[in-house]
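Q: Data: my_file15.txt, compact mmCIF, C-alpha atoms and all ligand atoms.
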```txt
# COMPACT_ATOMS: atom_id res chain seq x y z
CA MET A 1 142.57 61.08 71.16
CA ALA A 2 143.99 61.14 67.63
CA GLY A 3 140.75 62.82 66.42
CA GLY A 4 139.93 64.42 63.06
CA GLY A 5 138.14 67.36 64.60
CA ALA A 6 134.79 65.57 64.58
CA GLU A 7 132.60 65.38 67.66
CA SER A 8 130.92 62.14 66.79
CA TRP A 9 131.81 59.49 64.27
CA PRO A 10 129.21 57.39 62.44
CA ASP A 11 129.41 53.67 63.21
CA SER A 12 127.70 52.81 59.93
CA VAL A 13 127.49 54.26 56.43
CA ALA A 14 124.89 53.30 53.80
CA THR A 15 125.77 53.10 50.10
CA PRO A 16 123.38 52.24 47.26
CA ARG A 17 123.93 48.48 47.64
CA LEU A 18 125.93 48.10 50.85
CA LEU A 19 125.93 48.87 54.53
CA LEU A 20 129.36 49.69 55.93
CA ARG A 21 129.15 48.88 59.63
CA ALA A 22 131.23 47.94 62.66
CA PHE A 23 132.88 44.49 62.68
CA GLY A 24 131.38 42.07 65.23
CA HIS A 25 132.64 38.75 66.57
CA GLU A 26 129.74 37.03 64.83
CA ASP A 27 131.22 38.18 61.49
CA VAL A 28 134.53 36.37 61.97
CA PRO A 29 133.55 33.12 60.17
CA ASP A 30 132.36 35.16 57.18
CA PHE A 31 135.15 37.68 56.70
CA VAL A 32 138.17 35.51 57.60
CA PRO A 33 138.01 33.34 54.45
CA LEU A 34 137.50 36.43 52.29
CA ILE A 35 140.48 38.37 53.61
CA GLY A 36 142.46 35.15 53.98
CA ASP A 37 142.46 34.61 50.23
CA TRP A 38 146.01 35.23 49.03
CA GLY A 39 144.80 36.58 45.68
CA GLY A 40 143.66 39.76 47.46
CA ALA A 41 145.75 39.63 50.65
CA ARG A 42 149.02 39.76 48.70
CA TRP A 43 148.38 43.44 48.02
CA LEU A 44 147.61 44.42 51.61
CA ALA A 45 150.37 46.05 53.63
CA ARG A 46 149.25 45.17 57.14
CA VAL A 47 147.10 42.05 56.89
CA PRO A 48 148.89 38.85 57.97
CA HIS A 49 148.78 35.73 55.80
CA PRO A 50 147.72 33.04 56.46
CA TYR A 51 144.80 34.70 58.25
CA GLY A 52 142.83 32.65 60.79
CA ALA A 53 139.96 33.02 63.22
CA ASP A 54 142.29 34.36 65.95
CA ASP A 55 143.44 37.11 63.58
CA GLY A 56 139.80 37.89 62.86
CA ARG A 57 138.89 38.12 66.56
CA GLU A 58 141.90 40.35 67.26
CA TRP A 59 140.86 42.57 64.38
CA VAL A 60 137.32 42.95 65.75
CA GLU A 61 138.78 44.08 69.09
CA LEU A 62 141.31 46.43 67.50
CA ALA A 63 138.71 48.02 65.23
CA ALA A 64 136.48 48.67 68.27
CA ARG A 65 139.38 50.20 70.20
CA ASN A 66 140.38 52.36 67.23
CA PHE A 67 136.81 53.58 66.97
CA ALA A 68 136.58 54.38 70.70
CA GLU A 69 139.86 56.31 70.53
CA ARG A 70 138.95 58.02 67.24
CA ALA A 71 142.17 56.64 65.79
CA ALA A 72 140.60 54.80 62.84
CA LEU A 73 137.20 54.05 61.34
CA ASN A 74 137.23 50.44 60.14
CA LEU A 75 134.01 49.07 58.71
CA LEU A 76 132.79 45.77 57.29
CA ALA A 77 130.86 46.03 54.01
CA VAL A 78 127.74 43.88 53.93
CA ARG A 79 125.32 43.61 51.04
CA THR A 80 122.02 45.22 51.89
CA ASP A 81 119.85 42.69 50.08
CA ASP A 82 121.18 39.51 51.73
CA GLY A 83 123.49 40.67 54.55
CA ALA A 84 126.53 38.93 53.01
CA PRO A 85 129.88 40.45 54.03
CA ILE A 86 131.80 41.34 50.85
CA GLY A 87 134.75 43.46 51.98
CA GLY A 88 136.23 45.94 54.40
CA ILE A 89 137.36 49.54 54.38
CA GLY A 90 139.06 51.89 56.80
CA LEU A 91 140.32 55.39 57.41
CA GLN A 92 143.36 55.45 59.66
CA LEU A 93 144.20 58.88 61.02
CA ASP A 94 147.82 59.98 60.70
CA ARG A 95 149.45 60.40 64.10
CA GLY A 96 150.81 63.88 64.53
CA ALA A 97 149.14 65.22 61.36
CA PRO A 98 145.60 66.27 62.28
CA GLY A 99 143.03 66.08 59.51
CA ARG A 100 144.95 63.52 57.43
CA ALA A 101 144.07 59.87 57.05
CA GLU A 102 145.11 56.84 55.03
CA ILE A 103 142.37 54.87 53.29
CA GLY A 104 142.64 51.09 52.95
CA TYR A 105 140.14 48.58 51.53
CA TRP A 106 139.60 45.10 50.16
CA VAL A 107 136.79 43.26 48.39
CA GLY A 108 136.49 39.44 48.48
CA THR A 109 137.64 37.95 45.18
CA ARG A 110 134.28 36.44 44.35
CA TYR A 111 132.71 39.91 44.60
CA HIS A 112 135.16 41.74 42.34
CA ARG A 113 134.27 43.85 39.32
CA VAL A 114 130.70 44.72 40.16
CA GLY A 115 131.49 48.16 41.48
CA TYR A 116 131.53 47.46 45.23
CA GLY A 117 135.09 48.75 45.66
CA LEU A 118 134.32 52.11 44.09
CA GLU A 119 131.05 52.32 46.01
CA MET A 120 132.85 51.73 49.33
CA VAL A 121 135.68 54.18 48.64
CA THR A 122 133.27 56.90 47.48
CA ALA A 123 131.17 56.48 50.63
CA MET A 124 134.25 56.71 52.85
CA LEU A 125 135.35 59.91 51.12
CA VAL A 126 131.95 61.40 51.85
CA THR A 127 132.29 60.27 55.48
CA GLY A 128 135.90 61.35 55.84
CA PHE A 129 135.38 64.83 54.45
CA GLY A 130 131.98 65.09 56.15
CA PRO A 131 131.45 63.82 59.71
CA LEU A 132 135.12 63.01 60.36
CA GLY A 133 136.20 66.50 59.36
CA LEU A 134 139.29 65.37 57.42
CA SER A 135 141.17 67.69 55.10
CA ARG A 136 143.24 65.12 53.18
CA ILE A 137 142.89 61.40 52.45
CA TRP A 138 145.77 59.41 50.98
CA ALA A 139 146.59 55.91 49.82
CA VAL A 140 149.58 53.95 48.66
CA ALA A 141 149.26 50.96 46.33
CA ASP A 142 151.74 48.26 45.46
CA PRO A 143 153.35 49.25 42.12
CA ASP A 144 151.89 46.09 40.52
CA ASN A 145 148.40 46.55 41.96
CA ARG A 146 146.75 47.97 38.84
CA PRO A 147 143.16 47.37 39.97
CA SER A 148 143.60 49.47 43.10
CA GLN A 149 145.47 52.25 41.30
CA SER A 150 142.71 52.47 38.68
CA LEU A 151 140.06 52.49 41.36
CA LEU A 152 141.74 55.35 43.23
CA LEU A 153 141.94 57.48 40.07
CA LYS A 154 138.34 56.70 39.26
CA ALA A 155 137.30 57.71 42.79
CA GLY A 156 138.91 61.13 42.28
CA PHE A 157 142.36 60.71 43.82
CA ARG A 158 145.39 62.37 42.20
CA ARG A 159 148.55 60.39 41.77
CA GLN A 160 151.42 62.29 43.31
CA GLY A 161 154.74 60.58 42.82
CA ARG A 162 155.96 57.69 44.89
CA HIS A 163 156.57 57.19 48.58
CA GLN A 164 158.72 54.67 50.36
CA TYR A 165 156.14 52.54 52.12
CA ASP A 166 156.41 49.68 54.57
CA PHE A 167 154.34 46.68 53.45
CA ALA A 168 155.00 45.27 56.92
CA ALA A 169 152.90 42.12 56.63
CA ARG A 170 154.58 41.28 53.30
CA GLY A 171 158.03 41.83 54.83
CA ARG A 172 159.16 44.49 52.39
CA SER A 173 159.44 48.22 51.91
CA LEU A 174 158.75 49.58 48.44
CA SER A 175 158.83 52.82 46.53
CA ALA A 176 155.12 52.79 45.71
CA PRO A 177 152.64 55.06 43.89
CA TYR A 178 151.09 57.60 46.26
CA PHE A 179 147.57 59.01 45.79
CA GLU A 180 145.73 61.75 47.60
CA ILE A 181 142.62 63.90 47.53
CA THR A 182 141.79 66.98 49.60
CA ALA A 183 138.49 68.17 51.01
CA ALA A 184 138.78 71.28 48.83
CA GLU A 185 139.07 69.35 45.56
CA TRP A 186 136.65 66.57 46.49
CA PRO A 187 133.36 68.25 45.40
CA ALA A 188 134.60 68.90 41.85
CA ARG A 189 136.29 65.51 41.55
CA ARG A 190 133.23 63.79 42.90
CA GLU A 191 131.14 65.46 40.20
CA GLY A 192 133.72 64.58 37.56
CA SER A 193 133.69 60.93 38.50
CA ALA A 194 129.92 60.60 38.73
C1 LIG B 201 141.12 46.89 44.31
C2 LIG B 201 139.76 46.25 44.62
C3 LIG B 201 139.28 46.75 45.99
C4 LIG B 201 138.76 46.62 43.54
O1 LIG B 201 137.47 46.20 43.97
P1 LIG B 201 136.28 45.95 42.93
O2 LIG B 201 135.03 45.92 43.72
O3 LIG B 201 136.58 44.77 42.09
O4 LIG B 201 136.36 47.25 42.04
P2 LIG B 201 135.16 47.93 41.22
O5 LIG B 201 134.33 46.88 40.58
O6 LIG B 201 134.47 48.91 42.10
O7 LIG B 201 135.96 48.70 40.09
C5 LIG B 201 136.11 50.11 40.12
C6 LIG B 201 137.25 50.48 39.20
O8 LIG B 201 138.47 49.97 39.70
C7 LIG B 201 139.31 49.56 38.60
N1 LIG B 201 139.49 48.09 38.63
C8 LIG B 201 138.94 47.22 39.49
N2 LIG B 201 139.38 45.97 39.23
C9 LIG B 201 140.21 46.07 38.17
C10 LIG B 201 140.99 45.13 37.46
N3 LIG B 201 140.99 43.81 37.76
N4 LIG B 201 141.76 45.57 36.44
C11 LIG B 201 141.79 46.88 36.13
N5 LIG B 201 141.06 47.84 36.78
C12 LIG B 201 140.29 47.42 37.80
C13 LIG B 201 138.57 49.98 37.35
O9 LIG B 201 138.93 51.32 37.07
C14 LIG B 201 137.14 49.91 37.81
O10 LIG B 201 136.28 50.66 37.03
P3 LIG B 201 135.55 49.95 35.75
O11 LIG B 201 134.85 48.76 36.28
O12 LIG B 201 134.63 51.01 35.24
O13 LIG B 201 136.65 49.57 34.81
C15 LIG B 201 139.87 44.69 44.65
O14 LIG B 201 140.49 44.27 43.46
C16 LIG B 201 140.62 44.14 45.84
O15 LIG B 201 140.07 43.97 46.91
N6 LIG B 201 141.92 43.84 45.65
C17 LIG B 201 142.70 43.24 46.72
C18 LIG B 201 142.94 44.17 47.88
C19 LIG B 201 143.56 45.50 47.46
O16 LIG B 201 144.28 45.58 46.48
N7 LIG B 201 143.29 46.53 48.26
C20 LIG B 201 143.84 47.85 48.03
C21 LIG B 201 145.23 47.96 48.56
S1 LIG B 201 145.97 49.52 48.08
```
Can you give me the file's structure in the form of structure tokens?
Ligand SMILES: CC(C)(COP(=O)(O)OP(=O)(O)OC[C@H]1O[C@@H](n2cnc3c(N)ncnc32)[C@H](O)[C@@H]1OP(=O)(O)O)[C@@H](O)C(=O)NCCC(=O)NCCS

A:
Amino acid sequence: MAGGGAESWPDSVATPRLLLRAFGHEDVPDFVPLIGDWGGARWLARVPHPYGADDGREWVELAARNFAERAALNLLAVRTDDGAPIGGIGLQLDRGAPGRAEIGYWVGTRYHRVGYGLEMVTAMLVTGFGPLGLSRIWAVADPDNRPSQSLLLKAGFRRQGRHQYDFAARGRSLSAPYFEITAAEWPARREGSA
């Protein structure tokens, strides 16, 4: 078990407008076209492109395995009012570094700029520092990915230099901006960003 020190992980998280919940096979036709859109996928380090139904089915299985092994919490974001999937978010625990996890997320292009991204990230910080018992959450963004860098700062992350990072699915390794936030600083930063 990779574990973050938590006994039991939530399999869903409610935000003001969204429900973050486990991916299911029935969701594949809905989320594949969203994550398959190159406009968003180009920024993602580990999502293949093109992205088809087989990729979606494999992802559903992997997310379930990661959850069972407490290796990662990967959730689909669906809108509460109509059930429409709009994005995805995950916390992947660092192997060999207990209490640390990488956060990753995407929002379908047609749902951008209405605050869903910030809402999802904020909810996952609450979950990560709460039930998952994490002490540090980090992210790396492509140097040209301004939207994601702005979002991370707005969510309370600190930028801390650059890290060499493998954007494996894009076939390149880059020196990329690194962001992190700790459980100790989260309450004050959360207040500051409210
Ligand atoms: C990054 C991403 C998740 C933002 O999602 P979103 O729902 O559109 O973001 P929000 O509406 O919650 O915006 C929150 C903040 O993020 C920043 N932001 C979001 N989109 C932005 C843009 N196009 N340009 C500049 N800043 C942007 C702003 O600071 C914004 O706050 P504001 O609206 O008060 O200005 C979305 O653009 C996306 O999915 N991109 C592709 C995948 C990706 O980059 N994932 C992250 C990999 S590190």

Q: So, counting all atoms listed in the file, which residue among A:Glu102, A:Asp37, A:Asp11, A:Asp166 is closest to Ala68 of chain A?

A: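 Selected residue with least distance to Ala68 of chain A: A:Asp11.
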
Q: I need the residue nearest ligand LIG 201 (chain B) from this list: A:Ile181, A:Ala45, A:Val60, A:Ala168. Use only C-alpha atoms and all ligand atoms for the distance.

A: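 The closest residue to ligand LIG 201 (chain B) is A:Ala45.
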
Q: Residues within 8 Å of ligand LIG 201 (chain B), counting only C-alpha atoms and all ligand atoms: report them as a tab-separated table (two decimals) with C-alpha atoms, in the coordinates of the input.

A:
```
chain	number	residue	atom	x	y	z
A	39	GLY	CA	144.80	36.58	45.68
A	40	GLY	CA	143.66	39.76	47.46
A	41	ALA	CA	145.75	39.63	50.65
A	42	ARG	CA	149.02	39.76	48.70
A	43	TRP	CA	148.38	43.44	48.02
A	44	LEU	CA	147.61	44.42	51.61
A	45	ALA	CA	150.37	46.05	53.63
A	87	GLY	CA	134.75	43.46	51.98
A	104	GLY	CA	142.64	51.09	52.95
A	105	TYR	CA	140.14	48.58	51.53
A	106	TRP	CA	139.60	45.10	50.16
A	107	VAL	CA	136.79	43.26	48.39
A	108	GLY	CA	136.49	39.44	48.48
A	109	THR	CA	137.64	37.95	45.18
A	111	TYR	CA	132.71	39.91	44.60
A	112	HIS	CA	135.16	41.74	42.34
A	113	ARG	CA	134.27	43.85	39.32
A	114	VAL	CA	130.70	44.72	40.16
A	115	GLY	CA	131.49	48.16	41.48
A	116	TYR	CA	131.53	47.46	45.23
A	117	GLY	CA	135.09	48.75	45.66
A	118	LEU	CA	134.32	52.11	44.09
A	119	GLU	CA	131.05	52.32	46.01
A	120	MET	CA	132.85	51.73	49.33
A	139	ALA	CA	146.59	55.91	49.82
A	140	VAL	CA	149.58	53.95	48.66
A	141	ALA	CA	149.26	50.96	46.33
A	142	ASP	CA	151.74	48.26	45.46
A	145	ASN	CA	148.40	46.55	41.96
A	146	ARG	CA	146.75	47.97	38.84
A	147	PRO	CA	143.16	47.37	39.97
A	148	SER	CA	143.60	49.47	43.10
A	149	GLN	CA	145.47	52.25	41.30
A	150	SER	CA	142.71	52.47	38.68
A	151	LEU	CA	140.06	52.49	41.36
A	152	LEU	CA	141.74	55.35	43.23
A	153	LEU	CA	141.94	57.48	40.07
A	154	LYS	CA	138.34	56.70	39.26
```

Q: Neighbourhood query: residues within 10 Å of (130.6, 54.7, 61.6), file coordinates, counting all atoms listed in the file; return as a list in words.

A: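 Checking each residue against the 10 Å limit leaves Ser8, Trp9, Pro10, Asp11, Ser12, Val13, Ala14, Leu20, Arg21, Ala22, Phe67, Leu73, Asn74, Leu75, Met124, Thr127, Pro131 and Leu132 of chain A.
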
Q: May I have the selected residues written with C-alpha atoms, as a tab-separated table (two decimals), in the frame of the given file?

A:
```tsv
chain	number	residue	atom	x	y	z
A	8	SER	CA	130.92	62.14	66.79
A	9	TRP	CA	131.81	59.49	64.27
A	10	PRO	CA	129.21	57.39	62.44
A	11	ASP	CA	129.41	53.67	63.21
A	12	SER	CA	127.70	52.81	59.93
A	13	VAL	CA	127.49	54.26	56.43
A	14	ALA	CA	124.89	53.30	53.80
A	20	LEU	CA	129.36	49.69	55.93
A	21	ARG	CA	129.15	48.88	59.63
A	22	ALA	CA	131.23	47.94	62.66
A	67	PHE	CA	136.81	53.58	66.97
A	73	LEU	CA	137.20	54.05	61.34
A	74	ASN	CA	137.23	50.44	60.14
A	75	LEU	CA	134.01	49.07	58.71
A	124	MET	CA	134.25	56.71	52.85
A	127	THR	CA	132.29	60.27	55.48
A	131	PRO	CA	131.45	63.82	59.71
A	132	LEU	CA	135.12	63.01	60.36
```

Q: Pick the closest to Pro85 of chain A from A:Val121, A:Leu134, A:Val47, A:Leu34: which is it, counting all atoms listed in the file?

A: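 Among the listed residues, the smallest separation from Pro85 of chain A belongs to A:Leu34.
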
Q: Nearest residue to Trp38 of chain A out of A:Arg172, A:Ala71, A:Pro50, A:Gly99, using all atoms listed in the file?

A: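 Smallest distance to Trp38 of chain A is found for A:Pro50.
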
Q: Compare A:Ile137, A:Glu180, A:Pro48, A:Glu58 by their minimum atom-to-atom distance to Gly90 of chain A, counting all atoms listed in the file, and give me the closest one.

A: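 Distance minimum relative to Gly90 of chain A lands on A:Ile137.
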
Q: Within 9 Å of segment 186-191 of chain A, counting all atoms listed in the file, which residues qualify if same-chain residues fewer than 5 places away don't, as a VMD selection string?

A: chain A and resid 122 125 to 126 129 155 to 157 181

Q: Excluding Thr80 of chain A and its own-chain neighbours fewer than 5 positions away, which residues fall within 6 Å of it when counting all atoms listed in the file? Please give them as a list in words.

A: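 The neighbour list is Arg17, Leu18 and Leu19 of chain A.
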
Q: From the options A:Ala97, A:Leu62, A:Ala176, A:Ala183, which residue's atoms come nearest to Gly128 of chain A, counting only C-alpha atoms?

A: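 The shortest atom-to-atom distance to Gly128 of chain A comes from A:Ala183.
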
Q: To one decimal in Å, tell me the separation between atom CA of Gly96 of chain A and atom CA of Arg46 of chain A.

A: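 So the answer is 20.2 Å.
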
Q: In Å, with one decimal, what is the gap from atom CA of Ile103 of chain A to atom CA of Trp138 of chain A?

A: 6.1 Å

Q: If I take atom CA of Ala63 of chain A and atom CA of Val28 of chain A, how far is one from the other in Å, to one decimal?

A: 12.8 Å
